[in-house]
$ cat model.txt   # compact mmCIF, C-alpha atoms and all ligand atoms
# COMPACT_ATOMS: atom_id res chain seq x y z
CA MET A 1 1.15 12.80 -27.67
CA ILE A 2 1.33 10.09 -25.01
CA LEU A 3 4.34 8.03 -23.86
CA LYS A 4 3.46 5.23 -21.47
CA GLY A 5 5.69 3.59 -18.85
CA LYS A 6 5.00 1.24 -15.95
CA LYS A 7 4.80 3.97 -13.29
CA VAL A 8 4.24 7.17 -15.26
CA VAL A 9 2.56 8.48 -18.38
CA LEU A 10 3.95 11.46 -20.32
CA ARG A 11 1.46 13.63 -22.16
CA THR A 12 1.74 16.96 -23.98
CA ILE A 13 1.41 19.89 -21.58
CA ARG A 14 -1.79 21.96 -21.60
CA LEU A 15 -2.67 25.55 -20.75
CA SER A 16 -4.77 24.22 -17.88
CA ASP A 17 -1.55 22.86 -16.26
CA ALA A 18 -0.31 26.42 -15.67
CA GLY A 19 -1.57 26.77 -12.08
CA ARG A 20 0.36 23.71 -10.93
CA PHE A 21 3.53 24.86 -12.70
CA VAL A 22 3.31 28.24 -10.95
CA LYS A 23 2.91 26.56 -7.56
CA TRP A 24 5.86 24.21 -8.17
CA LEU A 25 8.23 26.68 -9.82
CA ASN A 26 7.69 29.20 -7.03
CA ASP A 27 8.46 26.60 -4.35
CA PRO A 28 11.96 27.35 -2.97
CA GLU A 29 12.63 23.63 -2.40
CA ILE A 30 12.16 23.07 -6.13
CA HIS A 31 13.49 26.18 -7.81
CA LYS A 32 16.75 25.96 -5.86
CA PHE A 33 17.57 23.01 -8.16
CA LEU A 34 16.57 24.84 -11.34
CA GLN A 35 18.17 27.81 -12.98
CA ILE A 36 14.97 29.85 -12.90
CA ARG A 37 15.12 32.42 -10.15
CA LYS A 38 12.32 34.75 -11.22
CA ARG A 39 8.96 34.36 -9.48
CA LEU A 40 6.30 33.44 -12.04
CA THR A 41 2.71 34.60 -12.22
CA LEU A 42 -0.13 32.53 -13.68
CA ARG A 43 -0.36 34.92 -16.61
CA GLN A 44 3.37 34.56 -17.38
CA GLU A 45 3.22 30.78 -17.11
CA LYS A 46 0.22 30.56 -19.46
CA LYS A 47 2.14 32.66 -21.99
CA ILE A 48 5.17 30.36 -21.66
CA ILE A 49 3.05 27.23 -22.18
CA ALA A 50 1.25 28.79 -25.16
CA GLY A 51 4.68 29.59 -26.66
CA PHE A 52 5.91 26.02 -26.11
CA LEU A 53 2.80 24.60 -27.76
CA LYS A 54 3.44 26.70 -30.89
CA GLN A 55 7.07 25.65 -31.28
CA LYS A 56 7.68 22.20 -32.70
CA ASN A 57 11.17 21.94 -31.22
CA LYS A 58 9.92 22.32 -27.64
CA ASN A 59 8.88 18.86 -26.57
CA ASN A 60 7.32 19.54 -23.20
CA PHE A 61 5.50 16.72 -21.48
CA ALA A 62 3.53 16.62 -18.27
CA ILE A 63 4.48 13.68 -16.04
CA GLU A 64 1.40 11.92 -14.69
CA THR A 65 1.13 8.95 -12.38
CA LYS A 66 -0.75 5.87 -13.56
CA GLU A 67 -3.73 7.30 -11.64
CA GLY A 68 -3.65 10.46 -13.78
CA ILE A 69 -2.15 12.80 -11.15
CA HIS A 70 -0.01 15.48 -12.74
CA ILE A 71 3.25 15.57 -10.75
CA GLY A 72 5.80 17.36 -12.92
CA SER A 73 7.34 17.98 -16.28
CA VAL A 74 10.05 16.67 -18.59
CA SER A 75 11.31 18.25 -21.79
CA LEU A 76 13.61 18.08 -24.79
CA ASP A 77 14.44 21.37 -26.45
CA VAL A 78 15.63 20.28 -29.89
CA ASN A 79 18.09 21.95 -32.25
CA LYS A 80 17.32 20.26 -35.56
CA ASP A 81 20.35 21.72 -37.36
CA HIS A 82 22.65 19.59 -35.26
CA ASN A 83 20.24 16.87 -34.05
CA HIS A 84 20.87 17.68 -30.41
CA ALA A 85 18.60 18.64 -27.55
CA VAL A 86 18.67 20.02 -24.03
CA PHE A 87 16.93 17.80 -21.46
CA GLY A 88 15.11 19.11 -18.39
CA ILE A 89 12.98 17.53 -15.66
CA PHE A 90 11.31 18.28 -12.37
CA ILE A 91 8.77 16.54 -10.19
CA GLY A 92 6.84 19.29 -8.46
CA GLU A 93 4.86 17.06 -6.09
CA LYS A 94 7.59 16.37 -3.56
CA ASN A 95 5.89 13.36 -1.98
CA TYR A 96 6.56 11.53 -5.28
CA TRP A 97 10.35 12.02 -5.10
CA ASN A 98 12.61 8.96 -4.68
CA GLN A 99 10.14 6.39 -6.03
CA GLY A 100 11.71 5.83 -9.41
CA LEU A 101 9.24 8.06 -11.26
CA GLY A 102 11.86 10.60 -12.37
CA SER A 103 14.14 7.84 -13.68
CA GLU A 104 11.31 6.29 -15.65
CA ALA A 105 10.06 9.61 -17.06
CA SER A 106 13.61 10.43 -18.15
CA ARG A 107 14.06 7.03 -19.79
CA LEU A 108 10.80 7.47 -21.71
CA ILE A 109 11.67 10.88 -23.12
CA LEU A 110 15.27 9.89 -23.96
CA ASN A 111 13.97 6.89 -25.84
CA PHE A 112 11.55 9.19 -27.68
CA GLY A 113 14.43 11.58 -28.45
CA PHE A 114 16.80 8.96 -29.79
CA LYS A 115 14.32 6.65 -31.51
CA LYS A 116 11.52 8.90 -32.77
CA LEU A 117 13.30 12.24 -33.17
CA LYS A 118 16.55 10.51 -34.27
CA LEU A 119 18.66 12.80 -32.12
CA HIS A 120 22.42 12.36 -32.02
CA ARG A 121 23.08 13.92 -28.62
CA ILE A 122 21.14 14.98 -25.51
CA GLU A 123 22.67 17.27 -22.90
CA LEU A 124 21.78 18.80 -19.56
CA GLY A 125 23.06 21.00 -16.77
CA VAL A 126 22.81 20.05 -13.09
CA LEU A 127 23.88 21.89 -9.98
CA GLU A 128 26.61 20.39 -7.84
CA TYR A 129 24.32 20.29 -4.79
CA ASN A 130 21.76 18.05 -6.49
CA PRO A 131 23.10 14.51 -5.87
CA ARG A 132 19.67 12.92 -6.41
CA ALA A 133 19.39 14.26 -9.97
CA ILE A 134 23.05 13.38 -10.67
CA LYS A 135 22.37 9.81 -9.56
CA VAL A 136 19.42 9.57 -11.97
CA TYR A 137 21.42 10.99 -14.89
CA LYS A 138 24.40 8.68 -14.31
CA ARG A 139 22.05 5.72 -14.09
CA LEU A 140 20.62 6.66 -17.50
CA GLY A 141 24.11 6.80 -19.00
CA PHE A 142 24.82 10.55 -19.06
CA LYS A 143 28.53 11.35 -18.86
CA ARG A 144 30.00 14.43 -17.24
CA GLU A 145 31.73 16.48 -19.89
CA GLY A 146 32.47 19.78 -18.20
CA ILE A 147 31.88 22.15 -15.33
CA LYS A 148 30.81 25.75 -15.34
CA ARG A 149 32.65 26.87 -12.25
CA GLU A 150 30.79 28.93 -9.63
CA TYR A 151 27.99 29.51 -12.12
CA ILE A 152 24.97 29.78 -9.83
CA LYS A 153 24.46 32.03 -6.83
CA PHE A 154 22.40 30.43 -4.10
CA GLN A 155 21.98 31.86 -0.60
CA GLY A 156 24.95 34.16 -1.08
CA LYS A 157 27.37 31.47 -2.32
CA TYR A 158 28.45 30.37 -5.79
CA PHE A 159 28.06 26.78 -6.99
CA ASP A 160 29.29 24.82 -9.99
CA ASN A 161 26.99 23.63 -12.75
CA PHE A 162 27.92 20.21 -14.17
CA HIS A 163 27.36 19.56 -17.85
CA MET A 164 26.43 16.03 -18.89
CA SER A 165 25.54 14.41 -22.19
CA ILE A 166 24.66 11.13 -23.82
CA LEU A 167 25.08 10.16 -27.49
CA ASP A 168 22.71 8.01 -29.55
CA ARG A 169 25.24 5.14 -29.85
CA GLU A 170 25.70 5.12 -26.07
CA TRP A 171 21.94 5.01 -25.55
CA LYS A 172 21.46 2.20 -28.07
CA GLN A 173 24.31 0.24 -26.53
CA ARG A 174 22.73 0.61 -23.10
CA TYR A 175 19.14 -0.13 -24.06
CA LYS A 176 19.55 -2.58 -26.95
CA LYS A 177 16.03 -2.50 -28.33
C1 LIG B 201 15.60 15.03 -9.74
C2 LIG B 201 14.26 14.30 -9.86
C3 LIG B 201 13.66 14.54 -11.23
C4 LIG B 201 14.52 12.80 -9.70
O1 LIG B 201 13.31 12.13 -9.75
P1 LIG B 201 12.96 11.03 -8.62
O2 LIG B 201 11.72 10.35 -9.04
O3 LIG B 201 12.95 11.72 -7.31
O4 LIG B 201 14.24 10.07 -8.75
P2 LIG B 201 14.32 8.49 -8.66
O5 LIG B 201 13.48 8.00 -7.55
O6 LIG B 201 14.07 7.92 -10.02
O7 LIG B 201 15.87 8.30 -8.33
C5 LIG B 201 16.49 9.06 -7.30
C6 LIG B 201 17.67 8.30 -6.77
O8 LIG B 201 18.49 9.21 -6.00
C7 LIG B 201 18.66 8.69 -4.70
N1 LIG B 201 18.83 9.83 -3.79
C8 LIG B 201 17.89 10.58 -3.17
N2 LIG B 201 18.46 11.56 -2.46
C9 LIG B 201 19.79 11.43 -2.63
C10 LIG B 201 20.92 12.14 -2.14
N3 LIG B 201 20.77 13.19 -1.32
N4 LIG B 201 22.15 11.72 -2.52
C11 LIG B 201 22.31 10.68 -3.36
N5 LIG B 201 21.28 9.95 -3.86
C12 LIG B 201 20.04 10.34 -3.50
C13 LIG B 201 17.43 7.86 -4.43
O9 LIG B 201 17.63 6.93 -3.41
C14 LIG B 201 17.26 7.19 -5.81
O10 LIG B 201 18.17 6.15 -5.99
P3 LIG B 201 17.68 4.60 -5.96
O11 LIG B 201 16.65 4.48 -7.03
O12 LIG B 201 18.92 3.82 -6.26
O13 LIG B 201 17.14 4.38 -4.59
C15 LIG B 201 13.25 14.79 -8.76
O14 LIG B 201 13.72 14.40 -7.48
C16 LIG B 201 13.05 16.29 -8.78
O15 LIG B 201 12.27 16.76 -9.58
N6 LIG B 201 13.72 17.06 -7.91
C17 LIG B 201 13.56 18.52 -7.83
C18 LIG B 201 13.87 19.26 -9.12
C19 LIG B 201 15.17 18.83 -9.72
O16 LIG B 201 16.17 18.60 -9.04
N7 LIG B 201 15.20 18.73 -11.07
C20 LIG B 201 16.42 18.40 -11.80
C21 LIG B 201 17.19 19.63 -12.12
S1 LIG B 201 18.71 19.28 -12.98
$ encode --input "model.txt" --output "structure tokens"
Amino acid sequence: MILKGKKVVLRTIRLSDAGRFVKWLNDPEIHKFLQIRKRLTLRQEKKIIAGFLKQKNKNNFAIETKEGIHIGSVSLDVNKDHNHAVFGIFIGEKNYWNQGLGSEASRLILNFGFKKLKLHRIELGVLEYNPRAIKVYKRLGFKREGIKREYIKFQGKYFDNFHMSILDREWKQRYKK
């Protein structure tokens, strides 16, 4: 599957992406923003991708630039019983941060979630020390709905995890299309 924007293209992840995921997810500057703390091997990552590809509810897309450079990943983990999903994103190639690519990739997958998958609600968790991601999520219309206090341990200290969500009617209101 392909979702096209102005700056990025989302495509289904592939087993051959595994090497890049391992490099990115083992980078301390990236995994400090994620909840994964375990170091991954190539073998483990290939197994994870193979698992995702088998499960219909795991909508995992590679984020590529217009030039076809794979720079990260965005996902919607859907619970069909309740029509909700958990959203996740990271851009692993750090020189592509702060250029609007994450905002566009997020907008594309949210649109896919609400319009194609007919989801009712999309939620996420974000660490308190990630103001860049929080800015992107607020811009898209996510609302803060709760805090898991001192949830994550990072460099010997505990940090809050903010919970945010957006409902289909809020999305449609925002992006009347
Ligand atoms: C979070 C992430 C997906 C955002 O993607 P991106 O392409 O870098 O974001 P965008 O360029 O679309 O928007 C970032 C905005 O935050 C702003 N920003 C950057 N650093 C900031 C900071 N320290 N404080 C506040 N705002 C900040 C940018 O200026 C930009 O705003 P603008 O468009 O008004 O100028 C990406 O940076 C990333 O993958 N980071 C590492 C992993 C991660 O944090 N994943 C999310 C886990 S919840």
$ closest_residue --input "model.txt" --among "A:Arg107, A:Arg149, A:Lys4, A:Lys143" --to "ligand LIG 201 (chain B)" --atoms "only C-alpha atoms and all ligand atoms"
A:Arg107
$ residues_near_ligand --input "model.txt" --ligand "ligand LIG 201 (chain B)" --cutoff "6 Å" --atoms "all atoms listed in the file" --output "PyMOL selection string"
chain A and resi 30+33-34+89-91+97-103+126+131-133+135-136
$ closest_residue --input "model.txt" --among "A:His163, A:Lys148, A:Lys138, A:Lys46" --to "Val86 of chain A" --atoms "only C-alpha atoms"
A:His163
$ closest_residue --input "model.txt" --among "A:Gly113, A:Gly51, A:Gly92, A:Gly5" --to "Ser75 of chain A" --atoms "all atoms listed in the file"
A:Gly113
$ residues_around --input "model.txt" --residues "Pro28 of chain A" --least-positions-apart "3" --cutoff "12 Å" --atoms "all atoms listed in the file" --output "NGL selection string"
:A and (22-25 or 31-39 or 92 or 94 or 154-155)
$ atom_distance --input "model.txt" --atom1 "atom CA of Asp27 of chain A" --atom2 "atom CA of Glu93 of chain A"
10.3 Å
$ atom_distance --input "model.txt" --atom1 "atom CA of His70 of chain A" --atom2 "atom CA of Asp17 of chain A"
8.3 Å
$ residues_around --input "model.txt" --residues "Phe52 of chain A" --least-positions-apart "6" --cutoff "10 Å" --atoms "only C-alpha atoms" --output "number ranges by chain"
A: 13-14, 46, 58-60, 77
$ closest_residue --input "model.txt" --among "A:Ile152, A:Phe87, A:Trp171, A:Asn130" --to "Phe114 of chain A" --atoms "only C-alpha atoms"
A:Trp171
$ closest_residue --input "model.txt" --among "A:Ala50, A:Ile69, A:Met164, A:Leu117" --to "Tyr137 of chain A" --atoms "all atoms listed in the file"
A:Met164
$ atom_distance --input "model.txt" --atom1 "atom CA of Arg174 of chain A" --atom2 "atom CA of Lys56 of chain A"
28.0 Å
$ closest_residue --input "model.txt" --among "A:Gly72, A:Gly156, A:Gly88, A:Gly19" --to "Leu124 of chain A" --atoms "all atoms listed in the file"
A:Gly88
$ closest_atom_pairs --input "model.txt" --of "segment 91-168 of chain A" --to "segment 80-83 of chain A" --cutoff "7 Å" --atoms "all atoms listed in the file" --output "Markdown table"
| residue | atom | partner | partner_atom | distance |
| --- | --- | --- | --- | --- |
| A:Leu119 | CA | A:Asn83 | CA | 4.8 |
| A:His120 | CA | A:Asn83 | CA | 5.4 |
| A:Arg121 | CA | A:Asn83 | CA | 6.8 |
$ build_atoms --input "model.txt" --residues "segment 165-176 of chain A" --atoms "N, CA, C and O atoms" --output "PDB file, in the coordinates of the input"
ATOM      1  N   SER A 165      26.174  14.719 -20.904  1.00  0.00           N
ATOM      2  CA  SER A 165      25.540  14.410 -22.190  1.00  0.00           C
ATOM      3  C   SER A 165      25.542  12.909 -22.429  1.00  0.00           C
ATOM      4  O   SER A 165      26.303  12.164 -21.784  1.00  0.00           O
ATOM      5  N   ILE A 166      24.696  12.522 -23.368  1.00  0.00           N
ATOM      6  CA  ILE A 166      24.660  11.130 -23.820  1.00  0.00           C
ATOM      7  C   ILE A 166      24.463  11.137 -25.334  1.00  0.00           C
ATOM      8  O   ILE A 166      23.709  11.972 -25.865  1.00  0.00           O
ATOM      9  N   LEU A 167      25.167  10.238 -26.020  1.00  0.00           N
ATOM     10  CA  LEU A 167      25.080  10.160 -27.490  1.00  0.00           C
ATOM     11  C   LEU A 167      24.176   8.999 -27.888  1.00  0.00           C
ATOM     12  O   LEU A 167      23.988   8.048 -27.103  1.00  0.00           O
ATOM     13  N   ASP A 168      23.650   9.056 -29.112  1.00  0.00           N
ATOM     14  CA  ASP A 168      22.710   8.010 -29.550  1.00  0.00           C
ATOM     15  C   ASP A 168      23.334   6.610 -29.476  1.00  0.00           C
ATOM     16  O   ASP A 168      22.700   5.662 -29.024  1.00  0.00           O
ATOM     17  N   ARG A 169      24.622   6.477 -29.867  1.00  0.00           N
ATOM     18  CA  ARG A 169      25.240   5.140 -29.850  1.00  0.00           C
ATOM     19  C   ARG A 169      25.380   4.617 -28.421  1.00  0.00           C
ATOM     20  O   ARG A 169      25.260   3.427 -28.176  1.00  0.00           O
ATOM     21  N   GLU A 170      25.597   5.541 -27.471  1.00  0.00           N
ATOM     22  CA  GLU A 170      25.700   5.120 -26.070  1.00  0.00           C
ATOM     23  C   GLU A 170      24.337   4.655 -25.549  1.00  0.00           C
ATOM     24  O   GLU A 170      24.229   3.683 -24.815  1.00  0.00           O
ATOM     25  N   TRP A 171      23.301   5.370 -25.961  1.00  0.00           N
ATOM     26  CA  TRP A 171      21.940   5.010 -25.550  1.00  0.00           C
ATOM     27  C   TRP A 171      21.556   3.635 -26.117  1.00  0.00           C
ATOM     28  O   TRP A 171      21.058   2.762 -25.407  1.00  0.00           O
ATOM     29  N   LYS A 172      21.842   3.463 -27.408  1.00  0.00           N
ATOM     30  CA  LYS A 172      21.460   2.200 -28.070  1.00  0.00           C
ATOM     31  C   LYS A 172      22.224   1.030 -27.471  1.00  0.00           C
ATOM     32  O   LYS A 172      21.691  -0.067 -27.306  1.00  0.00           O
ATOM     33  N   GLN A 173      23.471   1.263 -27.155  1.00  0.00           N
ATOM     34  CA  GLN A 173      24.310   0.240 -26.530  1.00  0.00           C
ATOM     35  C   GLN A 173      23.728  -0.174 -25.172  1.00  0.00           C
ATOM     36  O   GLN A 173      23.689  -1.343 -24.802  1.00  0.00           O
ATOM     37  N   ARG A 174      23.242   0.829 -24.451  1.00  0.00           N
ATOM     38  CA  ARG A 174      22.730   0.610 -23.100  1.00  0.00           C
ATOM     39  C   ARG A 174      21.363  -0.080 -23.105  1.00  0.00           C
ATOM     40  O   ARG A 174      21.087  -0.944 -22.293  1.00  0.00           O
ATOM     41  N   TYR A 175      20.520   0.397 -24.005  1.00  0.00           N
ATOM     42  CA  TYR A 175      19.140  -0.130 -24.060  1.00  0.00           C
ATOM     43  C   TYR A 175      18.944  -0.777 -25.418  1.00  0.00           C
ATOM     44  O   TYR A 175      18.255  -0.214 -26.278  1.00  0.00           O
ATOM     45  N   LYS A 176      19.603  -1.916 -25.629  1.00  0.00           N
ATOM     46  CA  LYS A 176      19.550  -2.580 -26.950  1.00  0.00           C
ATOM     47  C   LYS A 176      18.126  -3.028 -27.261  1.00  0.00           C
ATOM     48  O   LYS A 176      17.683  -4.061 -26.791  1.00  0.00           O
TER      49      LYS A 176
END
